[in-house]
Every structure is written in structure tokens, then in C-alpha cells.
file start_22.txt (compact mmCIF, C-alpha atoms)
# COMPACT_ATOMS: atom_id res chain seq x y z
CA MET A 50 165.13 99.88 57.34
CA ASP A 51 162.32 97.81 55.79
CA THR A 52 159.68 95.61 57.38
CA LEU A 53 161.38 92.37 56.31
CA TRP A 54 164.62 93.38 58.04
CA VAL A 55 162.77 94.30 61.26
CA VAL A 56 160.79 91.03 61.33
CA PHE A 57 163.96 89.03 60.64
CA ALA A 58 165.84 90.81 63.45
CA LEU A 59 162.97 90.27 65.90
CA CYS A 60 162.70 86.57 65.05
CA ARG A 61 166.45 86.21 65.60
CA ALA A 62 166.09 87.92 68.99
CA VAL A 63 163.11 85.80 70.07
CA SER A 64 164.78 82.56 68.96
CA ALA A 65 168.00 83.37 70.80
CA GLY A 66 166.16 84.72 73.84
CA ALA A 67 164.05 81.58 74.24
CA ALA A 68 167.09 79.33 74.09
CA ALA A 69 168.88 81.60 76.55
CA MET A 70 166.06 81.55 79.09
CA LEU A 71 165.71 77.76 78.94
CA PHE A 72 169.44 77.23 79.40
CA GLY A 73 170.01 79.88 82.05
CA ALA A 74 167.05 78.88 84.21
CA SER A 75 167.72 75.14 84.06
CA ALA A 76 171.48 75.59 84.60
CA MET A 77 170.95 77.80 87.65
CA LEU A 78 168.42 75.37 89.09
CA ALA A 79 170.95 72.57 88.63
CA LEU A 80 173.77 74.55 90.25
CA GLY A 81 171.78 76.09 93.09
CA GLY A 82 172.47 73.42 95.69
CA ALA A 83 168.92 73.81 97.05
CA PRO A 84 166.92 70.72 96.04
CA ARG A 85 163.60 71.58 97.71
CA LEU A 86 163.62 75.21 96.65
CA GLY A 87 164.86 74.16 93.23
CA VAL A 88 161.88 71.88 92.68
CA ALA A 89 159.49 74.58 93.90
CA ALA A 90 161.06 77.19 91.59
CA GLU A 91 161.13 74.77 88.67
CA THR A 92 157.45 73.89 89.17
CA ALA A 93 156.47 77.57 89.35
CA LEU A 94 158.52 78.53 86.28
CA ARG A 95 157.60 75.49 84.18
CA PRO A 96 154.49 76.93 82.44
CA ALA A 97 156.37 80.09 81.45
CA LEU A 98 159.41 78.14 80.26
CA LEU A 99 157.23 75.84 78.14
CA ARG A 100 155.54 78.83 76.51
CA ILE A 101 158.94 80.44 75.91
CA GLY A 102 160.23 77.22 74.36
CA ALA A 103 157.22 76.96 72.04
CA VAL A 104 157.50 80.59 70.91
CA GLY A 105 161.24 80.14 70.43
CA LEU A 106 160.68 77.08 68.22
CA VAL A 107 158.21 78.97 66.02
CA ALA A 108 160.63 81.88 65.71
CA THR A 109 163.47 79.51 64.84
CA LEU A 110 161.39 77.80 62.14
CA CYS A 111 160.68 81.22 60.62
CA LEU A 112 164.37 82.09 60.31
CA LEU A 113 165.14 80.09 57.19
CA PRO A 114 162.23 81.45 55.11
CA LEU A 115 163.14 84.93 56.30
CA GLN A 116 166.77 84.37 55.27
CA ALA A 117 165.57 83.30 51.82
CA ALA A 118 163.37 86.38 51.55
CA SER A 119 166.24 88.58 52.73
CA ILE A 120 168.58 87.17 50.07
CA ALA A 121 165.97 87.60 47.33
CA GLY A 122 164.73 90.93 48.66
CA ASP A 123 161.19 89.66 48.26
CA TRP A 124 158.69 88.28 50.81
CA ARG A 125 157.48 85.75 48.23
CA ALA A 126 160.80 83.89 48.44
CA MET A 127 159.62 82.54 51.81
CA LEU A 128 157.31 80.21 49.88
CA ASP A 129 159.67 79.44 46.99
CA GLY A 130 160.63 75.76 47.37
CA ASP A 131 163.69 76.00 45.13
CA MET A 132 164.98 79.03 47.00
CA LEU A 133 164.43 77.36 50.37
CA ASP A 134 166.23 74.22 49.20
CA THR A 135 169.17 76.28 47.97
CA VAL A 136 169.50 78.20 51.23
CA THR A 137 169.12 75.04 53.32
CA LEU A 138 171.51 72.80 51.42
CA GLN A 139 174.07 75.17 49.94
CA THR A 140 174.73 77.77 52.63
CA ARG A 141 176.43 77.57 55.99
CA TYR A 142 173.51 79.49 57.45
CA GLY A 143 171.06 76.86 56.20
CA GLN A 144 173.10 73.99 57.63
CA ALA A 145 173.32 75.74 61.00
CA TRP A 146 169.59 76.46 60.87
CA VAL A 147 168.73 72.77 60.40
CA LEU A 148 170.72 71.92 63.52
CA ARG A 149 169.25 74.88 65.36
CA ALA A 150 165.67 73.92 64.52
CA LEU A 151 166.23 70.28 65.51
CA CYS A 152 167.81 71.36 68.80
CA ALA A 153 164.98 73.81 69.57
CA ALA A 154 162.42 71.05 68.95
CA ALA A 155 164.41 68.57 71.04
CA VAL A 156 164.75 71.00 73.96
CA LEU A 157 161.02 71.72 73.94
CA GLY A 158 160.34 67.98 73.83
CA VAL A 159 162.63 67.38 76.82
CA ALA A 160 161.00 70.25 78.71
CA LEU A 161 157.54 68.82 78.05
CA GLY A 162 158.46 65.33 79.22
CA LEU A 163 160.72 66.22 82.14
CA ARG A 164 159.42 66.13 85.68
CA PRO A 165 160.63 68.81 88.14
CA GLY A 166 163.79 67.87 90.02
CA ARG A 167 166.06 67.10 87.07
CA PRO A 168 167.02 70.50 85.66
CA SER A 169 170.43 69.30 84.46
CA TRP A 170 168.62 67.04 81.98
CA LEU A 171 167.29 70.19 80.32
CA ALA A 172 170.39 72.35 80.80
CA GLY A 173 172.57 70.01 78.72
CA PRO A 174 170.36 69.92 75.61
CA ALA A 175 169.69 73.65 75.96
CA ALA A 176 173.43 74.33 75.96
CA VAL A 177 173.78 72.27 72.78
CA ALA A 178 170.87 74.20 71.25
CA LEU A 179 172.79 77.45 71.76
CA ALA A 180 175.80 76.19 69.78
CA PRO A 181 174.40 76.87 66.28
CA LEU A 182 174.06 80.55 67.19
CA ALA A 183 177.85 80.72 67.17
CA PHE A 184 178.00 79.40 63.61
CA SER A 185 175.25 81.40 61.94
CA GLY A 186 176.31 84.95 62.80
CA HIS A 187 179.46 86.94 62.13
CA ALA A 188 181.60 83.99 63.26
CA ALA A 189 180.94 82.57 59.80
CA MET A 190 182.97 85.42 58.26
CA HIS A 191 186.26 83.63 59.06
CA GLU A 192 187.63 80.38 57.70
CA GLY A 193 190.12 77.88 59.12
CA GLY A 194 191.66 78.42 62.54
CA TRP A 195 190.34 81.96 62.95
CA GLY A 196 186.85 80.73 62.14
CA VAL A 197 187.08 78.02 64.81
CA ALA A 198 188.48 80.47 67.37
CA HIS A 199 185.75 82.98 66.58
CA ALA A 200 183.00 80.35 66.85
CA ILE A 201 184.33 79.03 70.19
CA ASN A 202 184.62 82.54 71.60
CA ASP A 203 181.15 83.39 70.31
CA TYR A 204 179.77 80.24 71.93
CA LEU A 205 181.30 81.12 75.30
CA HIS A 206 179.81 84.59 74.97
CA VAL A 207 176.37 83.16 74.19
CA LEU A 208 176.53 80.65 77.07
CA ALA A 209 177.56 83.30 79.59
CA ALA A 210 174.87 85.74 78.44
CA ALA A 211 172.22 83.00 78.42
CA PHE A 212 173.16 81.86 81.91
CA TRP A 213 173.01 85.39 83.30
CA LEU A 214 169.68 86.31 81.71
CA GLY A 215 167.95 82.97 82.24
CA SER A 216 169.03 82.68 85.87
CA LEU A 217 167.35 85.94 86.91
CA PRO A 218 163.79 84.51 87.26
CA VAL A 219 165.24 81.70 89.39
CA PHE A 220 167.00 84.30 91.52
CA LEU A 221 163.70 86.14 92.07
CA SER A 222 162.08 82.88 93.17
CA TRP A 223 164.83 82.19 95.67
CA LEU A 224 164.72 85.77 96.89
CA ALA A 225 161.01 85.33 97.67
CA ALA A 226 161.79 82.07 99.48
CA TRP A 227 164.40 83.86 101.61
CA GLN A 228 161.59 85.84 103.24
CA ARG A 229 160.11 82.63 104.71
CA PRO A 230 161.98 81.79 107.95
CA HIS A 231 161.77 78.01 107.48
CA ALA A 232 163.35 78.28 104.01
CA ARG A 233 165.90 80.98 104.77
CA ALA A 234 168.94 78.74 105.27
CA GLU A 235 168.43 76.88 102.00
CA ALA A 236 167.57 80.10 100.14
CA THR A 237 170.72 81.77 101.47
CA ARG A 238 172.82 78.89 100.17
CA ALA A 239 171.14 79.10 96.77
CA LEU A 240 171.57 82.88 96.57
CA LEU A 241 175.26 82.57 97.40
CA ARG A 242 175.62 80.01 94.61
CA PHE A 243 173.84 82.41 92.27
CA SER A 244 176.25 85.18 93.23
CA ALA A 245 179.33 83.01 92.69
CA TRP A 246 178.23 81.68 89.31
CA GLY A 247 176.96 85.11 88.32
CA HIS A 248 180.45 86.57 88.82
CA VAL A 249 181.87 83.85 86.57
CA ALA A 250 179.25 84.48 83.89
CA VAL A 251 179.78 88.25 83.87
CA GLY A 252 183.56 87.83 83.69
CA VAL A 253 183.34 85.41 80.76
CA LEU A 254 180.78 87.65 79.06
CA LEU A 255 182.92 90.77 79.25
CA VAL A 256 186.17 89.08 78.14
CA SER A 257 184.55 87.15 75.29
CA GLY A 258 182.63 90.27 74.23
CA VAL A 259 185.85 92.26 73.84
CA ALA A 260 187.45 89.38 71.94
CA ASN A 261 184.39 89.05 69.72
CA ALA A 262 184.42 92.74 68.82
CA ALA A 263 188.14 92.54 68.02
CA LEU A 264 187.60 89.48 65.79
CA ILE A 265 184.77 91.18 63.89
CA LEU A 266 186.14 94.71 63.59
CA GLY A 267 189.85 93.93 63.42
CA PRO A 268 192.65 96.08 64.84
CA ALA A 269 191.39 99.34 63.34
CA VAL A 270 190.20 102.19 65.56
CA LEU A 271 186.44 102.10 66.09
CA ASP A 272 184.65 104.09 63.42
CA THR A 273 181.76 105.73 65.26
CA GLY A 274 180.39 106.80 61.90
CA SER A 275 179.57 103.15 61.17
CA ALA A 276 176.00 102.11 61.95
CA TYR A 277 177.26 98.71 63.13
CA VAL A 278 179.70 100.28 65.59
CA ARG A 279 177.08 102.67 66.96
CA VAL A 280 174.64 99.81 67.58
CA LEU A 281 177.45 97.71 69.08
CA LEU A 282 178.34 100.54 71.46
CA LEU A 283 174.68 100.76 72.50
CA LYS A 284 174.74 97.04 73.25
CA VAL A 285 177.91 97.53 75.34
CA ALA A 286 176.30 100.42 77.24
CA LEU A 287 173.24 98.32 78.07
CA ALA A 288 175.41 95.38 79.14
CA LEU A 289 177.40 97.68 81.43
CA ALA A 290 174.16 99.02 82.88
CA MET A 291 173.09 95.44 83.62
CA THR A 292 176.46 94.82 85.25
CA GLY A 293 176.04 97.95 87.37
CA LEU A 294 172.63 96.80 88.60
CA ALA A 295 173.97 93.33 89.41
CA LEU A 296 176.88 94.81 91.36
CA ALA A 297 174.55 97.15 93.25
CA ASN A 298 172.41 94.18 94.24
CA ARG A 299 175.37 92.10 95.36
CA TYR A 300 177.52 94.68 97.15
CA ARG A 301 175.03 97.30 98.28
CA TRP A 302 171.61 95.80 98.88
CA ILE A 303 172.48 92.23 99.88
CA ALA A 304 174.72 93.72 102.59
CA ARG A 305 171.71 95.64 103.97
CA ILE A 306 169.14 92.88 103.70
CA ARG A 307 169.18 91.96 107.40
CA LYS A 308 169.16 95.54 108.76
CA GLN A 309 166.79 97.02 106.15
CA PRO A 310 164.95 93.97 104.75
CA VAL A 311 161.93 95.77 103.26
CA ARG A 312 163.96 98.45 101.50
CA ALA A 313 166.70 96.07 100.39
CA LEU A 314 164.33 93.43 99.02
CA ARG A 315 162.36 96.07 97.13
CA ALA A 316 165.55 97.46 95.60
CA ILE A 317 166.88 94.02 94.66
CA ARG A 318 163.62 93.04 92.96
CA ARG A 319 163.45 96.37 91.12
CA ASN A 320 167.04 96.07 89.92
CA THR A 321 166.56 92.47 88.83
CA VAL A 322 163.44 93.29 86.82
CA ALA A 323 165.41 96.16 85.26
CA GLU A 324 168.18 93.69 84.37
CA LEU A 325 165.62 91.49 82.61
CA ALA A 326 164.27 94.49 80.68
CA LEU A 327 167.78 95.57 79.66
CA GLY A 328 168.56 91.98 78.70
CA ALA A 329 165.52 91.94 76.39
CA ALA A 330 166.80 95.16 74.79
CA VAL A 331 170.23 93.60 74.34
CA LEU A 332 168.65 90.58 72.64
CA ALA A 333 166.82 92.89 70.24
CA ILE A 334 170.11 94.59 69.42
CA VAL A 335 171.86 91.25 68.94
CA GLY A 336 169.11 90.25 66.53
CA ALA A 337 169.82 93.38 64.52
CA LEU A 338 173.62 93.20 64.70
CA GLY A 339 173.66 89.76 63.09
CA LEU A 340 172.04 91.28 59.99
CA MET A 341 174.33 94.31 59.74
CA PRO A 342 177.65 94.50 57.90
CA PRO A 343 180.51 95.14 60.37
CA SER A 344 181.83 98.11 58.39

call {"tool": "encode", "arguments": {"input": "start_22.txt", "output": "C-alpha cells"}}
result
Amino acid sequence: MDTLWVVFALCRAVSAGAAAMLFGASAMLALGGAPRLGVAAETALRPALLRIGAVGLVATLCLLPLQAASIAGDWRAMLDGDMLDTVTLQTRYGQAWVLRALCAAAVLGVALGLRPGRPSWLAGPAAVALAPLAFSGHAAMHEGGWGVAHAINDYLHVLAAAFWLGSLPVFLSWLAAWQRPHARAEATRALLRFSAWGHVAVGVLLVSGVANAALILGPAVLDTGSAYVRVLLLKVALALAMTGLALANRYRWIARIRKQPVRALRAIRRNTVAELALGAAVLAIVGALGLMPPS
């Protein structure tokens, strides 16, 4: 494992993670059904989301030079104009990168110019910005109908994962609002919406994840001797751990929040922060998986 590979994987993870956070947070704010709390949460999260968007754009812009260097096996290829032109114009990765970079810039521009209270105006462009991710990874290994099916499935997987991860900071904001008596009714409504949409996202994520693994690995029995499979299984284990924490929040601690508010709220916050940490680890693994041969 060389330095170039590690930097490339990390840039992939940061680029995808930034897009995921922008989409998930704005989509959950739009779906929360709590206008006043939504504006308050959006205002509080705005500085962090803008920084995330800016870092994500820089990481995205670095991807093409890193791809060129990876192909050439030489850092100097990042500054080779002919090599960059070739990768941009003559590879599917380069074409997807152009769209990805334009979308990342557009989303950051929308976020900068958008006033709180219109999160759907950011959620739409952010969803579009996630689409190139489905065309620049292993989905590109198939052609024709299988390639389209793989890309669509991959896109659903990305959207569901992005919604889940990006919605967690919004959830924490609404959880804090629930502790204020005058905001409790609206916060309860928003938290119930989060729970309902969270169930949908997790279901889509698990089903599309299984389908994605089948499309990449084929019908053969999993070869645990393969580095790709071992890393994939680690990703699955972390995703299941996230699911376990989410289920514990929903079916154990939410049920106790009125009788044991201090203990329940502490547990829910702890579990949600742990979900975010596990999600960051999953993103790092995804960044690496996209650079590894499936066999």
C-alpha cells in the first residue's frame, strides 16, 4: 500500500462524504415537517455544511490528477497536461469526474446563496451531485443493460447511505429541541418523521448493498482470502453496527425517554455520535474499495 493509493482513497472518501452530508442534512430538513425547528437547525448547521462543501469540492478537484498519477504510477503525472487531457476526455472516469466536479461546485454555490428555510432547493442539486459516484466506481465494470442496472442500484445505495449519515446531525438538533417544553410538540413530529424515513433508508441501503455485492462479485462463493472481500465484509460489519445502534435508539431508548429522560437522552446522543463515527469509517472503506480489484 503506497502513499499515492492512500491519498487517493482518502480524497474519494472526503469527496463522497461531503456530498452525502449535504444531501442527507438538506433532505431531512425538507422532510421533517417542522418549519420553525427546521430553520433553526439549518441556521445552526449552515457554517459546518458550507465548510464541508468547500472541503468536498477541493477533494473532488484532486481526484482527476490522482487518477492520472495512479494510472502512470508516478506523482508527476498529476501535473502532466497531456496525461490529464487523456484521462479527462478518453475515459469514463474522466467524463464522470467532469460532471462530479461541476455538480460539487454548483451545490456549494447553491448552499452559499440559499437562505435558511428552503432546504429542498439544496437537496435536489445535492442528489444530482451524488449520481456521478454511481458511474465512476465498480458500476463501470459492466456494459449495456447490466451496466445500467448496476449504476441505478449503486445510485440508490449511495442516496440511502447519504440520507442516513447526513440526517444524523439534524436528528441531534431536533433531539436537543425536544428538551424545551415549548418546542416539544414540533420536535416530536420531526423525530417521528426522522424515524419513518430512517427505516426506509436503512431498508433500501441493505437491499441495494446485497445486490451491489452480487453484481460485483458474481454468483461465486465469497473468497475470504481476497483482500477486496475482507474489506467488504468489514464494511458490512460496520454498517450492521450502525443499524444496531439506530435500532437501539428507536426501540429501546425512545421508548424510555419520558420515564428516564436524562438516561435515555444521554444514550441516544452517545449512540448517534457513534453512528457518525462508524459512518466516517465506512466512507474511508468505500474510498478504498473503489480502488481495489474485486477478485

call {"tool": "closest_atom_pairs", "arguments": {"input": "start_22.txt", "of": "stretch 139-238 of chain A", "to": "stretch 70-94 of chain A", "cutoff": "8 Å", "atoms": "only C-alpha atoms", "output": "JSON lines"}}
result
{"residue": "A:Pro165", "atom": "CA", "partner": "A:Val88", "partner_atom": "CA", "distance": 5.6}
{"residue": "A:Gly166", "atom": "CA", "partner": "A:Val88", "partner_atom": "CA", "distance": 5.2}
{"residue": "A:Arg167", "atom": "CA", "partner": "A:Ala79", "partner_atom": "CA", "distance": 7.5}
{"residue": "A:Pro168", "atom": "CA", "partner": "A:Ser75", "partner_atom": "CA", "distance": 5.0}
{"residue": "A:Ser169", "atom": "CA", "partner": "A:Ala79", "partner_atom": "CA", "distance": 5.3}
{"residue": "A:Leu171", "atom": "CA", "partner": "A:Ser75", "partner_atom": "CA", "distance": 6.2}
{"residue": "A:Ala172", "atom": "CA", "partner": "A:Ser75", "partner_atom": "CA", "distance": 5.1}
{"residue": "A:Gly173", "atom": "CA", "partner": "A:Phe72", "partner_atom": "CA", "distance": 7.9}
{"residue": "A:Ala175", "atom": "CA", "partner": "A:Phe72", "partner_atom": "CA", "distance": 5.0}
{"residue": "A:Ala176", "atom": "CA", "partner": "A:Phe72", "partner_atom": "CA", "distance": 6.0}
{"residue": "A:Ala211", "atom": "CA", "partner": "A:Gly73", "partner_atom": "CA", "distance": 5.3}
{"residue": "A:Phe212", "atom": "CA", "partner": "A:Gly73", "partner_atom": "CA", "distance": 3.7}
{"residue": "A:Trp213", "atom": "CA", "partner": "A:Gly73", "partner_atom": "CA", "distance": 6.4}
{"residue": "A:Leu214", "atom": "CA", "partner": "A:Gly73", "partner_atom": "CA", "distance": 6.4}
{"residue": "A:Gly215", "atom": "CA", "partner": "A:Gly73", "partner_atom": "CA", "distance": 3.7}
{"residue": "A:Ser216", "atom": "CA", "partner": "A:Ala74", "partner_atom": "CA", "distance": 4.6}
{"residue": "A:Leu217", "atom": "CA", "partner": "A:Ala74", "partner_atom": "CA", "distance": 7.6}
{"residue": "A:Pro218", "atom": "CA", "partner": "A:Ala74", "partner_atom": "CA", "distance": 7.2}
{"residue": "A:Val219", "atom": "CA", "partner": "A:Ala74", "partner_atom": "CA", "distance": 6.2}
{"residue": "A:Ser222", "atom": "CA", "partner": "A:Ala90", "partner_atom": "CA", "distance": 6.0}
{"residue": "A:Trp223", "atom": "CA", "partner": "A:Leu86", "partner_atom": "CA", "distance": 7.2}
{"residue": "A:Ala226", "atom": "CA", "partner": "A:Leu86", "partner_atom": "CA", "distance": 7.6}
{"residue": "A:Ala232", "atom": "CA", "partner": "A:Leu86", "partner_atom": "CA", "distance": 8.0}
{"residue": "A:Glu235", "atom": "CA", "partner": "A:Ala83", "partner_atom": "CA", "distance": 5.8}
{"residue": "A:Ala236", "atom": "CA", "partner": "A:Ala83", "partner_atom": "CA", "distance": 7.1}
{"residue": "A:Arg238", "atom": "CA", "partner": "A:Gly82", "partner_atom": "CA", "distance": 7.1}

call {"tool": "residues_around", "arguments": {"input": "start_22.txt", "residues": "stretch 318-326 of chain A", "least_positions_apart": "6", "cutoff": "8 Å", "atoms": "only C-alpha atoms", "output": "ChimeraX atom specification"}}
result
/A:214,217,221,291,294-295,298

call {"tool": "atom_distance", "arguments": {"input": "start_22.txt", "atom1": "atom CA of A:Ala67", "atom2": "atom CA of A:His206"}}
result
16.1 Å

call {"tool": "residues_around", "arguments": {"input": "start_22.txt", "residues": "stretch 333-336 of chain A", "least_positions_apart": "2", "cutoff": "6 Å", "atoms": "all atoms listed in the file", "output": "list of chain:residue names"}}
result
A:Ala58, A:Arg61, A:Ala62, A:Ala330, A:Val331, A:Leu338, A:Gly339

call {"tool": "residues_near_point", "arguments": {"input": "start_22.txt", "point": "(182.4, 78.5, 71.5)", "cutoff": "10 Å", "atoms": "all atoms listed in the file", "output": "compact mmCIF listing (two decimals) with C-alpha atoms, keeping the file's coordinate frame"}}
result
# COMPACT_ATOMS: atom_id res chain seq x y z
CA LEU A 179 172.79 77.45 71.76
CA ALA A 180 175.80 76.19 69.78
CA PRO A 181 174.40 76.87 66.28
CA LEU A 182 174.06 80.55 67.19
CA ALA A 183 177.85 80.72 67.17
CA PHE A 184 178.00 79.40 63.61
CA ALA A 188 181.60 83.99 63.26
CA VAL A 197 187.08 78.02 64.81
CA ALA A 198 188.48 80.47 67.37
CA HIS A 199 185.75 82.98 66.58
CA ALA A 200 183.00 80.35 66.85
CA ILE A 201 184.33 79.03 70.19
CA ASN A 202 184.62 82.54 71.60
CA ASP A 203 181.15 83.39 70.31
CA TYR A 204 179.77 80.24 71.93
CA LEU A 205 181.30 81.12 75.30
CA HIS A 206 179.81 84.59 74.97
CA VAL A 207 176.37 83.16 74.19
CA LEU A 208 176.53 80.65 77.07
CA SER A 257 184.55 87.15 75.29

call {"tool": "atom_distance", "arguments": {"input": "start_22.txt", "atom1": "atom CA of A:Ile317", "atom2": "atom CA of A:Ala210"}}
result
19.9 Å

call {"tool": "atom_distance", "arguments": {"input": "start_22.txt", "atom1": "atom CA of A:Ala260", "atom2": "atom CA of A:Leu282"}}
result
14.4 Å

call {"tool": "residues_around", "arguments": {"input": "start_22.txt", "residues": "A:Gly102", "least_positions_apart": "2", "cutoff": "9 Å", "atoms": "only C-alpha atoms", "output": "VMD selection string"}}
result
chain A and resid 64 67 to 68 70 to 71 97 to 100 104 to 107 153 to 154 156 to 157 160

call {"tool": "write_last_selection", "arguments": {"input": "start_22.txt", "atoms": "C-alpha atoms", "output": "mmCIF file, keeping the file's coordinate frame"}}
result
data_model
loop_
_atom_site.group_PDB
_atom_site.id
_atom_site.type_symbol
_atom_site.label_atom_id
_atom_site.label_comp_id
_atom_site.auth_asym_id
_atom_site.auth_seq_id
_atom_site.Cartn_x
_atom_site.Cartn_y
_atom_site.Cartn_z
ATOM 1 C CA SER A 64 164.780 82.560 68.960
ATOM 2 C CA ALA A 67 164.050 81.580 74.240
ATOM 3 C CA ALA A 68 167.090 79.330 74.090
ATOM 4 C CA MET A 70 166.060 81.550 79.090
ATOM 5 C CA LEU A 71 165.710 77.760 78.940
ATOM 6 C CA ALA A 97 156.370 80.090 81.450
ATOM 7 C CA LEU A 98 159.410 78.140 80.260
ATOM 8 C CA LEU A 99 157.230 75.840 78.140
ATOM 9 C CA ARG A 100 155.540 78.830 76.510
ATOM 10 C CA VAL A 104 157.500 80.590 70.910
ATOM 11 C CA GLY A 105 161.240 80.140 70.430
ATOM 12 C CA LEU A 106 160.680 77.080 68.220
ATOM 13 C CA VAL A 107 158.210 78.970 66.020
ATOM 14 C CA ALA A 153 164.980 73.810 69.570
ATOM 15 C CA ALA A 154 162.420 71.050 68.950
ATOM 16 C CA VAL A 156 164.750 71.000 73.960
ATOM 17 C CA LEU A 157 161.020 71.720 73.940
ATOM 18 C CA ALA A 160 161.000 70.250 78.710
#

call {"tool": "closest_residue", "arguments": {"input": "start_22.txt", "among": "A:Gly247, A:Ala239, A:Ile306, A:Pro343", "to": "A:Leu264", "atoms": "all atoms listed in the file"}}
result
A:Pro343

call {"tool": "axis_aligned_box", "arguments": {"input": "start_22.txt", "around": "stretch 157-176 of chain A", "padding_each_side": "5 Å", "output": "lines of an AutoDock Vina configuration file"}}
result
center_x = 165.5
center_y = 69.8
center_z = 81.9
size_x = 25.9
size_y = 19.0
size_z = 26.2

call {"tool": "closest_residue", "arguments": {"input": "start_22.txt", "among": "A:Gln228, A:Ala288, A:Ile303, A:Ala209", "to": "A:Ser244", "atoms": "only C-alpha atoms"}}
result
A:Ile303

call {"tool": "decode", "arguments": {"input": "start_22.txt", "residues": "stretch 168-183 of chain A", "atoms": "N, CA and C atoms", "output": "mmCIF file, in the first residue's frame"}}
result
data_model
loop_
_atom_site.group_PDB
_atom_site.id
_atom_site.type_symbol
_atom_site.label_atom_id
_atom_site.label_comp_id
_atom_site.auth_asym_id
_atom_site.auth_seq_id
_atom_site.Cartn_x
_atom_site.Cartn_y
_atom_site.Cartn_z
ATOM 1 N N PRO A 168 -34.627 24.148 2.324
ATOM 2 C CA PRO A 168 -33.653 23.052 2.223
ATOM 3 C C PRO A 168 -33.842 22.178 0.989
ATOM 4 N N SER A 169 -35.073 22.090 0.472
ATOM 5 C CA SER A 169 -35.302 21.262 -0.715
ATOM 6 C C SER A 169 -34.562 21.815 -1.925
ATOM 7 N N TRP A 170 -34.283 23.114 -1.924
ATOM 8 C CA TRP A 170 -33.554 23.727 -3.031
ATOM 9 C C TRP A 170 -32.097 23.261 -3.049
ATOM 10 N N LEU A 171 -31.611 22.817 -1.907
ATOM 11 C CA LEU A 171 -30.257 22.259 -1.840
ATOM 12 C C LEU A 171 -30.276 20.744 -1.985
ATOM 13 N N ALA A 172 -31.325 20.108 -1.463
ATOM 14 C CA ALA A 172 -31.403 18.651 -1.513
ATOM 15 C C ALA A 172 -31.427 18.133 -2.956
ATOM 16 N N GLY A 173 -32.163 18.825 -3.834
ATOM 17 C CA GLY A 173 -32.247 18.384 -5.227
ATOM 18 C C GLY A 173 -30.898 18.385 -5.932
ATOM 19 N N PRO A 174 -30.196 19.534 -5.960
ATOM 20 C CA PRO A 174 -28.871 19.546 -6.582
ATOM 21 C C PRO A 174 -27.886 18.598 -5.914
ATOM 22 N N ALA A 175 -27.992 18.447 -4.580
ATOM 23 C CA ALA A 175 -27.082 17.531 -3.891
ATOM 24 C C ALA A 175 -27.334 16.086 -4.314
ATOM 25 N N ALA A 176 -28.600 15.737 -4.541
ATOM 26 C CA ALA A 176 -28.917 14.387 -5.022
ATOM 27 C C ALA A 176 -28.330 14.155 -6.408
ATOM 28 N N VAL A 177 -28.422 15.180 -7.258
ATOM 29 C CA VAL A 177 -27.826 15.076 -8.602
ATOM 30 C C VAL A 177 -26.312 14.937 -8.492
ATOM 31 N N ALA A 178 -25.705 15.643 -7.546
ATOM 32 C CA ALA A 178 -24.252 15.592 -7.380
ATOM 33 C C ALA A 178 -23.772 14.212 -6.950
ATOM 34 N N LEU A 179 -24.652 13.431 -6.342
ATOM 35 C CA LEU A 179 -24.270 12.081 -5.923
ATOM 36 C C LEU A 179 -24.298 11.087 -7.087
ATOM 37 N N ALA A 180 -25.014 11.435 -8.168
ATOM 38 C CA ALA A 180 -25.177 10.496 -9.273
ATOM 39 C C ALA A 180 -23.862 10.050 -9.903
ATOM 40 N N PRO A 181 -22.893 10.965 -10.144
ATOM 41 C CA PRO A 181 -21.649 10.501 -10.785
ATOM 42 C C PRO A 181 -20.894 9.451 -9.991
ATOM 43 N N LEU A 182 -21.130 9.380 -8.670
ATOM 44 C CA LEU A 182 -20.461 8.361 -7.872
ATOM 45 C C LEU A 182 -20.837 6.964 -8.342
ATOM 46 N N ALA A 183 -22.069 6.838 -8.877
ATOM 47 C CA ALA A 183 -22.539 5.534 -9.332
ATOM 48 C C ALA A 183 -21.948 5.147 -10.686
#
